[in-house]
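Beneath this line is the structure, given in structure tokens, with notes to follow.
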Amino acid sequence: MISLQNVTKIYPGSASPALDQITLDIEKGEFVFLVGPSGAGKSTLIKLLFRELLPTKGEIYFFGRNLARLDKKALLNHRRQIGMVFQDFRLLKQKTVFENVAFALEVLGKPPKEIEFKVAEVLEKVGLAGKEKAFPEELSGGEQQRVGVARALVKDPLLLLADEPTGNLDRNTSRQLMELLETLNAEGTTMVIATHAWDLVDRMQKRVISLNQGRLVRDEKRGTYGHEF
Amino acid sequence: MNFNSLRYCLRQSREALKRNFWLALVTSCIIAVSLIILGGFLLLAVNVAQVMRDVQSNVEICVFLYDDADQDWLAGELQRLEGVETIRFVSKEEGLAEFGRSLGDAALLAGLQGENNPLPDAFRVTVTDAELVPALAQTMRELEGVEMAEYGEEFVGELLKITGWINRFLVVVGLLLALGAVFLIVTTIRLSLMARREEIGIMKYLGASDWFVRFPFLLEGLAMGWLGNIVAVFVLAVVYGKVASTLQQDAFAFFLRPVTSPEQLLPVFLGLLLLGTCMGGFGSLISLHKFLRV
Ligand SMILES: Nc1ncnc2c1ncn2[C@@H]1O[C@H](COP(=O)(O)OP(=O)(O)OP(=O)(O)O)[C@@H](O)[C@H]1O
Ligand SMILES: [Mg+2]
């Protein structure tokens with residue numbers, strides 16, 4: 001599904017690469033943790049996959065298509081296949097839970113009937129049924145993050161990218177969120193999750209890709225967070 | 001962009017207009033004022049053009065001939081000049097008769113008939129365009145057998161000067177006002193963009209197309225343009241209607257016959273509508289271009 005070949009990213013004006021010659025493949029249906037110390041390049045990798053950034057060297061293929069060669073329309077399509085979950089939730093304060101999730105479908109020009117149905121369905125799935133009319137400020141952090149997940153999921157993405165989705169949550173809520181993501185993964189969504197939550201990574205026994213100073217230092221099928229750094 | 005998107009965009013624009021209600025209202029008013037002034041000038045220009053046409057059809061060049069002039073040859077030469085519409089030969093007898101009629105009392109001219117007639121033979125020349133009159137008259141003066149070529153020199157000159165000034169004034173004032181209005185639209189849309197900055201960022205992550213992001217703002221600008229338009233056209237139509245009907249009843253109507261034919265007024269009003277729309281659209285696009293990185 002995703003294939004990186006010798007991907008190097010050097011931000012303009014910085015001497016050392018944020019990502020250095022990364023080569024890896026991610027298959028459909030996988031659950032992948034991206035780990036590594038601060039500045040390792042996790043967020044950079046997520047942004048490259050979303051094609052918010054282009055690699056300085058090397059190629060990234062998504063279903064065989066080089067992301068650097070997408071025209072405007074294909075780029076839009078690429079992003080529509082991907083759900084994004086942010087560390088800081090990025091919900092619209094003046095919209096209700098329902099509207100926040102529905103927004104993802106409105107942007108795609110879906111009919112109101114379908115929107116209503118799908119939003120209700122996904123809110124049920126993330127355990128927010130009954131909170132449709134609440135505003136983000138009236139929710140706990142964990143609930144807000146689940147709205148974020150629901151918004152990313154409602155358009156049935158092939159791939160869910162999450163950059164430290166539990167960064168603002170306590171341990172218990174973090175665990176619940178990860179369990180939710182695990183369930184969704186079991187239903188078929190590919191997950192790529194950058195995280196510092198070492199205890200959860202250790203417990204869940206998923207594929208773990210470790211980065212350090214831009215280099216890929218470890219890639220294990222049923223890995224652990226690793227405490228060498 | 002499909003029907004659902006369009007509906008969504010419409011809703012967004014409506015919300016934006018509500019949020020920036022006062023600024024949008026002021027902007028619309030300024031657009032209305034600038035269009036009213038522009039439209040007023042346009043209507044004036046249309047009327048001046050009509051007066052000019054009236055005058056033009058009246059301005060004749062009188063080409064007075066020497067007694068020994070070759071009339072047939074001259075008629076041919078005059079007809080050949082660029083801008084000449086018609087020529088009419090007026091013999092000295094006819095000239096005297098016309099003069100008598102214009103005095104209203106032919107008896108005053110008794111004794112001037114026949115051998116004593118002081119008037120020369122003449123050609124009365126009408127031209128296609130009043131602006132050509134001075135140059136044409138000059139050319140005619142140089143023809144063999146022409147004694148004088150006269151026209152209402154001062155009157156035509158003044159009229160041309162005045163309309164020239166009015167037109168220049170129209171262009172400058174109109175441009176300034178339009179620029180001011182466009183600038184206001186840019187500001188309003190910019191505020192709207194600021195208010196929705198976060199939303200736009202998220203929209204892009206959700207895979208919204210550029211046009212889906214831009215369209216509500218464009219609509220917002222267009223709506224302000226149209227609101228200004230409607231007010232302007234309404235005010236102009238009412239005021240112009242009043243002025244025109246007053247003038248028509250007035251004794252001066254003979255001189256200042258206001259333009260009332262739809263064929264001439266419709267382009268003015270359609271032009272204004274187009275202008276208001278363009279101003280709205282243009283202002284939004286400038287703002288989007290400057291302040292929105294899609
Ligand atoms: N926009 C940018 N311009 C220049 N350098 C950047 C930019 N973004 C990140 N970097 C640099 O690239 C390197 C990798 O950054 P990145 O954000 O990918 O790290 P990370 O693994 O996500 O770290 P963290 O765990 O703290 O989020 C860092 O050295 C950082 O300083
Ligand atoms: Mg990061």
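By order in the structure tokens, chains are A, B, ...; within a chain, residues start at 1; ligands start at 1, following the order shown.
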Could you give me, as a VMD selection string, every polymer residue with an atom at most 8 Å away from an atom of ligand 2, counting only C-alpha atoms and all ligand atoms?
chain A and resid 38 to 39 41 to 44 163 to 164 194
Cut-off 9 Å: closest chain A/ligand 1 atom pairs per residue, using only C-alpha atoms and all ligand atoms, as JSON lines:
```
{"residue": "A:Lys9", "atom": "CA", "partner": "ligand 1", "partner_atom_place_in_ligand_line": "12 (O)", "distance": 8.5}
{"residue": "A:Ile10", "atom": "CA", "partner": "ligand 1", "partner_atom_place_in_ligand_line": "12 (O)", "distance": 7.7}
{"residue": "A:Tyr11", "atom": "CA", "partner": "ligand 1", "partner_atom_place_in_ligand_line": "4 (C)", "distance": 4.8}
{"residue": "A:Pro12", "atom": "CA", "partner": "ligand 1", "partner_atom_place_in_ligand_line": "4 (C)", "distance": 6.5}
{"residue": "A:Gly13", "atom": "CA", "partner": "ligand 1", "partner_atom_place_in_ligand_line": "4 (C)", "distance": 7.0}
{"residue": "A:Ser14", "atom": "CA", "partner": "ligand 1", "partner_atom_place_in_ligand_line": "4 (C)", "distance": 6.2}
{"residue": "A:Ser16", "atom": "CA", "partner": "ligand 1", "partner_atom_place_in_ligand_line": "29 (O)", "distance": 7.8}
{"residue": "A:Pro17", "atom": "CA", "partner": "ligand 1", "partner_atom_place_in_ligand_line": "12 (O)", "distance": 7.1}
{"residue": "A:Ala18", "atom": "CA", "partner": "ligand 1", "partner_atom_place_in_ligand_line": "13 (C)", "distance": 4.1}
{"residue": "A:Leu19", "atom": "CA", "partner": "ligand 1", "partner_atom_place_in_ligand_line": "14 (C)", "distance": 7.1}
{"residue": "A:Leu34", "atom": "CA", "partner": "ligand 1", "partner_atom_place_in_ligand_line": "21 (O)", "distance": 8.7}
{"residue": "A:Val35", "atom": "CA", "partner": "ligand 1", "partner_atom_place_in_ligand_line": "21 (O)", "distance": 7.7}
{"residue": "A:Gly36", "atom": "CA", "partner": "ligand 1", "partner_atom_place_in_ligand_line": "21 (O)", "distance": 6.3}
{"residue": "A:Pro37", "atom": "CA", "partner": "ligand 1", "partner_atom_place_in_ligand_line": "25 (O)", "distance": 5.7}
{"residue": "A:Ser38", "atom": "CA", "partner": "ligand 1", "partner_atom_place_in_ligand_line": "26 (O)", "distance": 3.5}
{"residue": "A:Gly39", "atom": "CA", "partner": "ligand 1", "partner_atom_place_in_ligand_line": "19 (O)", "distance": 3.5}
{"residue": "A:Ala40", "atom": "CA", "partner": "ligand 1", "partner_atom_place_in_ligand_line": "21 (O)", "distance": 3.8}
{"residue": "A:Gly41", "atom": "CA", "partner": "ligand 1", "partner_atom_place_in_ligand_line": "18 (O)", "distance": 3.1}
{"residue": "A:Lys42", "atom": "CA", "partner": "ligand 1", "partner_atom_place_in_ligand_line": "21 (O)", "distance": 3.7}
{"residue": "A:Ser43", "atom": "CA", "partner": "ligand 1", "partner_atom_place_in_ligand_line": "22 (O)", "distance": 3.6}
{"residue": "A:Thr44", "atom": "CA", "partner": "ligand 1", "partner_atom_place_in_ligand_line": "18 (O)", "distance": 3.7}
{"residue": "A:Leu45", "atom": "CA", "partner": "ligand 1", "partner_atom_place_in_ligand_line": "18 (O)", "distance": 6.5}
{"residue": "A:Ile46", "atom": "CA", "partner": "ligand 1", "partner_atom_place_in_ligand_line": "18 (O)", "distance": 8.1}
{"residue": "A:Lys47", "atom": "CA", "partner": "ligand 1", "partner_atom_place_in_ligand_line": "18 (O)", "distance": 8.4}
{"residue": "A:Asp163", "atom": "CA", "partner": "ligand 1", "partner_atom_place_in_ligand_line": "22 (O)", "distance": 7.8}
{"residue": "A:Glu164", "atom": "CA", "partner": "ligand 1", "partner_atom_place_in_ligand_line": "27 (O)", "distance": 7.7}
{"residue": "A:Ala194", "atom": "CA", "partner": "ligand 1", "partner_atom_place_in_ligand_line": "22 (O)", "distance": 7.7}
{"residue": "A:Thr195", "atom": "CA", "partner": "ligand 1", "partner_atom_place_in_ligand_line": "25 (O)", "distance": 7.5}
{"residue": "A:His196", "atom": "CA", "partner": "ligand 1", "partner_atom_place_in_ligand_line": "25 (O)", "distance": 7.2}
{"residue": "A:Leu211", "atom": "CA", "partner": "ligand 1", "partner_atom_place_in_ligand_line": "21 (O)", "distance": 7.7}
{"residue": "A:Asn212", "atom": "CA", "partner": "ligand 1", "partner_atom_place_in_ligand_line": "21 (O)", "distance": 8.1}
{"residue": "A:Gln213", "atom": "CA", "partner": "ligand 1", "partner_atom_place_in_ligand_line": "29 (O)", "distance": 7.3}
{"residue": "A:Gly214", "atom": "CA", "partner": "ligand 1", "partner_atom_place_in_ligand_line": "14 (C)", "distance": 6.9}
```
Please identify every residue of chain A that has at least one atom no more than 7 Å from any atom of chain B, counting only C-alpha atoms, and report them as an mmCIF file with N, CA, C and O atoms, in the first residue's frame.
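Saved as selection.cif:
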```cif
data_model
loop_
_atom_site.group_PDB
_atom_site.id
_atom_site.type_symbol
_atom_site.label_atom_id
_atom_site.label_comp_id
_atom_site.auth_asym_id
_atom_site.auth_seq_id
_atom_site.Cartn_x
_atom_site.Cartn_y
_atom_site.Cartn_z
ATOM 1 N N LEU A 76 -5.902 15.713 -4.336
ATOM 2 C CA LEU A 76 -7.143 15.837 -3.578
ATOM 3 C C LEU A 76 -7.684 14.448 -3.237
ATOM 4 O O LEU A 76 -8.089 14.165 -2.120
ATOM 5 N N ARG A 79 -5.711 12.744 -0.523
ATOM 6 C CA ARG A 79 -6.035 13.205 0.825
ATOM 7 C C ARG A 79 -7.418 12.740 1.266
ATOM 8 O O ARG A 79 -7.667 12.578 2.458
ATOM 9 N N ARG A 80 -8.279 12.554 0.317
ATOM 10 C CA ARG A 80 -9.623 12.098 0.683
ATOM 11 C C ARG A 80 -9.629 10.641 1.115
ATOM 12 O O ARG A 80 -10.559 10.190 1.763
ATOM 13 N N LEU A 92 -13.764 22.322 15.594
ATOM 14 C CA LEU A 92 -14.287 23.682 15.474
ATOM 15 C C LEU A 92 -15.171 23.978 16.678
ATOM 16 O O LEU A 92 -16.181 23.319 16.886
ATOM 17 N N ALA A 104 -16.636 16.777 7.655
ATOM 18 C CA ALA A 104 -15.753 15.984 6.793
ATOM 19 C C ALA A 104 -16.482 15.498 5.545
ATOM 20 O O ALA A 104 -15.880 15.355 4.481
ATOM 21 N N GLU A 106 -19.415 17.045 4.381
ATOM 22 C CA GLU A 106 -19.908 18.224 3.651
ATOM 23 C C GLU A 106 -18.844 18.730 2.691
ATOM 24 O O GLU A 106 -19.122 19.108 1.554
ATOM 25 N N VAL A 107 -17.610 18.725 3.195
ATOM 26 C CA VAL A 107 -16.483 19.153 2.382
ATOM 27 C C VAL A 107 -16.394 18.319 1.096
ATOM 28 O O VAL A 107 -15.965 18.792 0.054
ATOM 29 N N LEU A 108 -16.826 17.075 1.166
ATOM 30 C CA LEU A 108 -16.766 16.200 0.001
ATOM 31 C C LEU A 108 -18.046 16.267 -0.831
ATOM 32 O O LEU A 108 -18.177 15.572 -1.827
ATOM 33 N N GLY A 109 -18.986 17.114 -0.418
ATOM 34 C CA GLY A 109 -20.198 17.294 -1.199
ATOM 35 C C GLY A 109 -21.181 16.138 -1.113
ATOM 36 O O GLY A 109 -21.899 15.845 -2.066
ATOM 37 N N LYS A 110 -21.222 15.458 0.031
ATOM 38 C CA LYS A 110 -22.159 14.338 0.195
ATOM 39 C C LYS A 110 -23.572 14.859 0.502
ATOM 40 O O LYS A 110 -23.746 15.917 1.102
ATOM 41 N N PRO A 111 -24.594 14.098 0.109
ATOM 42 C CA PRO A 111 -25.974 14.530 0.376
ATOM 43 C C PRO A 111 -26.325 14.435 1.868
ATOM 44 O O PRO A 111 -25.803 13.554 2.563
#
```
Which residues, written as a PDB file with N, CA, C and O atoms, in the first residue's frame, have at least one atom at most 9 Å from Asp199 (chain A), with only C-alpha atoms counted and residues fewer than 3 positions away on the same chain left out?
```
ATOM      1  N   HIS A 196       4.369   8.626  21.759  1.00  0.00           N
ATOM      2  CA  HIS A 196       5.353   8.486  22.833  1.00  0.00           C
ATOM      3  C   HIS A 196       4.834   7.565  23.932  1.00  0.00           C
ATOM      4  O   HIS A 196       5.507   7.371  24.943  1.00  0.00           O
ATOM      5  N   ASP A 202       4.157  -1.131  24.072  1.00  0.00           N
ATOM      6  CA  ASP A 202       4.677  -2.404  24.588  1.00  0.00           C
ATOM      7  C   ASP A 202       3.566  -3.425  24.743  1.00  0.00           C
ATOM      8  O   ASP A 202       3.738  -4.602  24.444  1.00  0.00           O
ATOM      9  N   ARG A 203       2.410  -2.949  25.207  1.00  0.00           N
ATOM     10  CA  ARG A 203       1.354  -3.891  25.507  1.00  0.00           C
ATOM     11  C   ARG A 203       0.654  -4.424  24.260  1.00  0.00           C
ATOM     12  O   ARG A 203       0.205  -5.555  24.222  1.00  0.00           O
ATOM     13  N   MET A 204       0.557  -3.546  23.223  1.00  0.00           N
ATOM     14  CA  MET A 204      -0.300  -3.917  22.091  1.00  0.00           C
ATOM     15  C   MET A 204       0.377  -4.846  21.100  1.00  0.00           C
ATOM     16  O   MET A 204      -0.280  -5.443  20.252  1.00  0.00           O
ATOM     17  N   THR A 224       8.354  -3.602  20.500  1.00  0.00           N
ATOM     18  CA  THR A 224       8.133  -2.829  21.716  1.00  0.00           C
ATOM     19  C   THR A 224       8.702  -1.440  21.495  1.00  0.00           C
ATOM     20  O   THR A 224       9.365  -1.182  20.482  1.00  0.00           O
ATOM     21  N   TYR A 225       8.413  -0.567  22.438  1.00  0.00           N
ATOM     22  CA  TYR A 225       8.822   0.823  22.293  1.00  0.00           C
ATOM     23  C   TYR A 225      10.340   0.937  22.208  1.00  0.00           C
ATOM     24  O   TYR A 225      10.868   1.709  21.444  1.00  0.00           O
TER      25      TYR A 225
END
```
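Excluding Val97 (chain A) itself and same-chain residues fewer than 6 positions from it, the residues having an atom within 12 Å of it are A:Leu91, A:Phe103, A:Ala104, A:Val119, A:Ala120, A:Val122, A:Leu123, A:Leu128, A:Ala129, A:Gly130, A:Lys131, A:Glu132, A:Lys133, A:Ala134, A:Phe135, A:Pro136, A:Glu137, A:Glu138, A:Leu139, A:Glu143, A:Gln144, A:Gln145, A:Arg146, A:Val147, A:Gly148, A:Val149, A:Ala150, A:Arg151, counting only C-alpha atoms.
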Output of the above residues as a compact mmCIF listing (two decimals), in the first residue's frame, restricted to C-alpha atoms:
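Wrote it out as selection.txt, contents follow:
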```txt
# COMPACT_ATOMS: atom_id res chain seq x y z
CA LEU A 91 -12.22 20.65 16.38
CA PHE A 103 -18.06 18.69 8.21
CA ALA A 104 -15.75 15.98 6.79
CA VAL A 119 -22.28 10.46 11.27
CA ALA A 120 -24.72 8.70 13.58
CA VAL A 122 -19.53 6.56 13.37
CA LEU A 123 -20.44 8.36 16.60
CA LEU A 128 -20.22 9.15 21.52
CA ALA A 129 -23.85 8.35 20.78
CA GLY A 130 -25.99 10.83 22.69
CA LYS A 131 -23.35 13.60 22.59
CA GLU A 132 -24.28 14.83 19.12
CA LYS A 133 -25.50 18.22 20.27
CA ALA A 134 -22.64 18.94 22.66
CA PHE A 135 -19.98 21.52 21.83
CA PRO A 136 -16.30 20.51 22.09
CA GLU A 137 -15.82 22.62 25.20
CA GLU A 138 -18.45 20.58 26.97
CA LEU A 139 -16.49 17.36 26.42
CA GLU A 143 -14.20 12.54 24.20
CA GLN A 144 -12.86 15.39 22.09
CA GLN A 145 -10.19 13.13 20.68
CA ARG A 146 -12.83 10.55 19.85
CA VAL A 147 -14.70 13.23 17.92
CA GLY A 148 -11.44 13.80 16.05
CA VAL A 149 -11.20 10.09 15.32
CA ALA A 150 -14.84 9.99 14.25
CA ARG A 151 -14.24 12.88 11.87
```
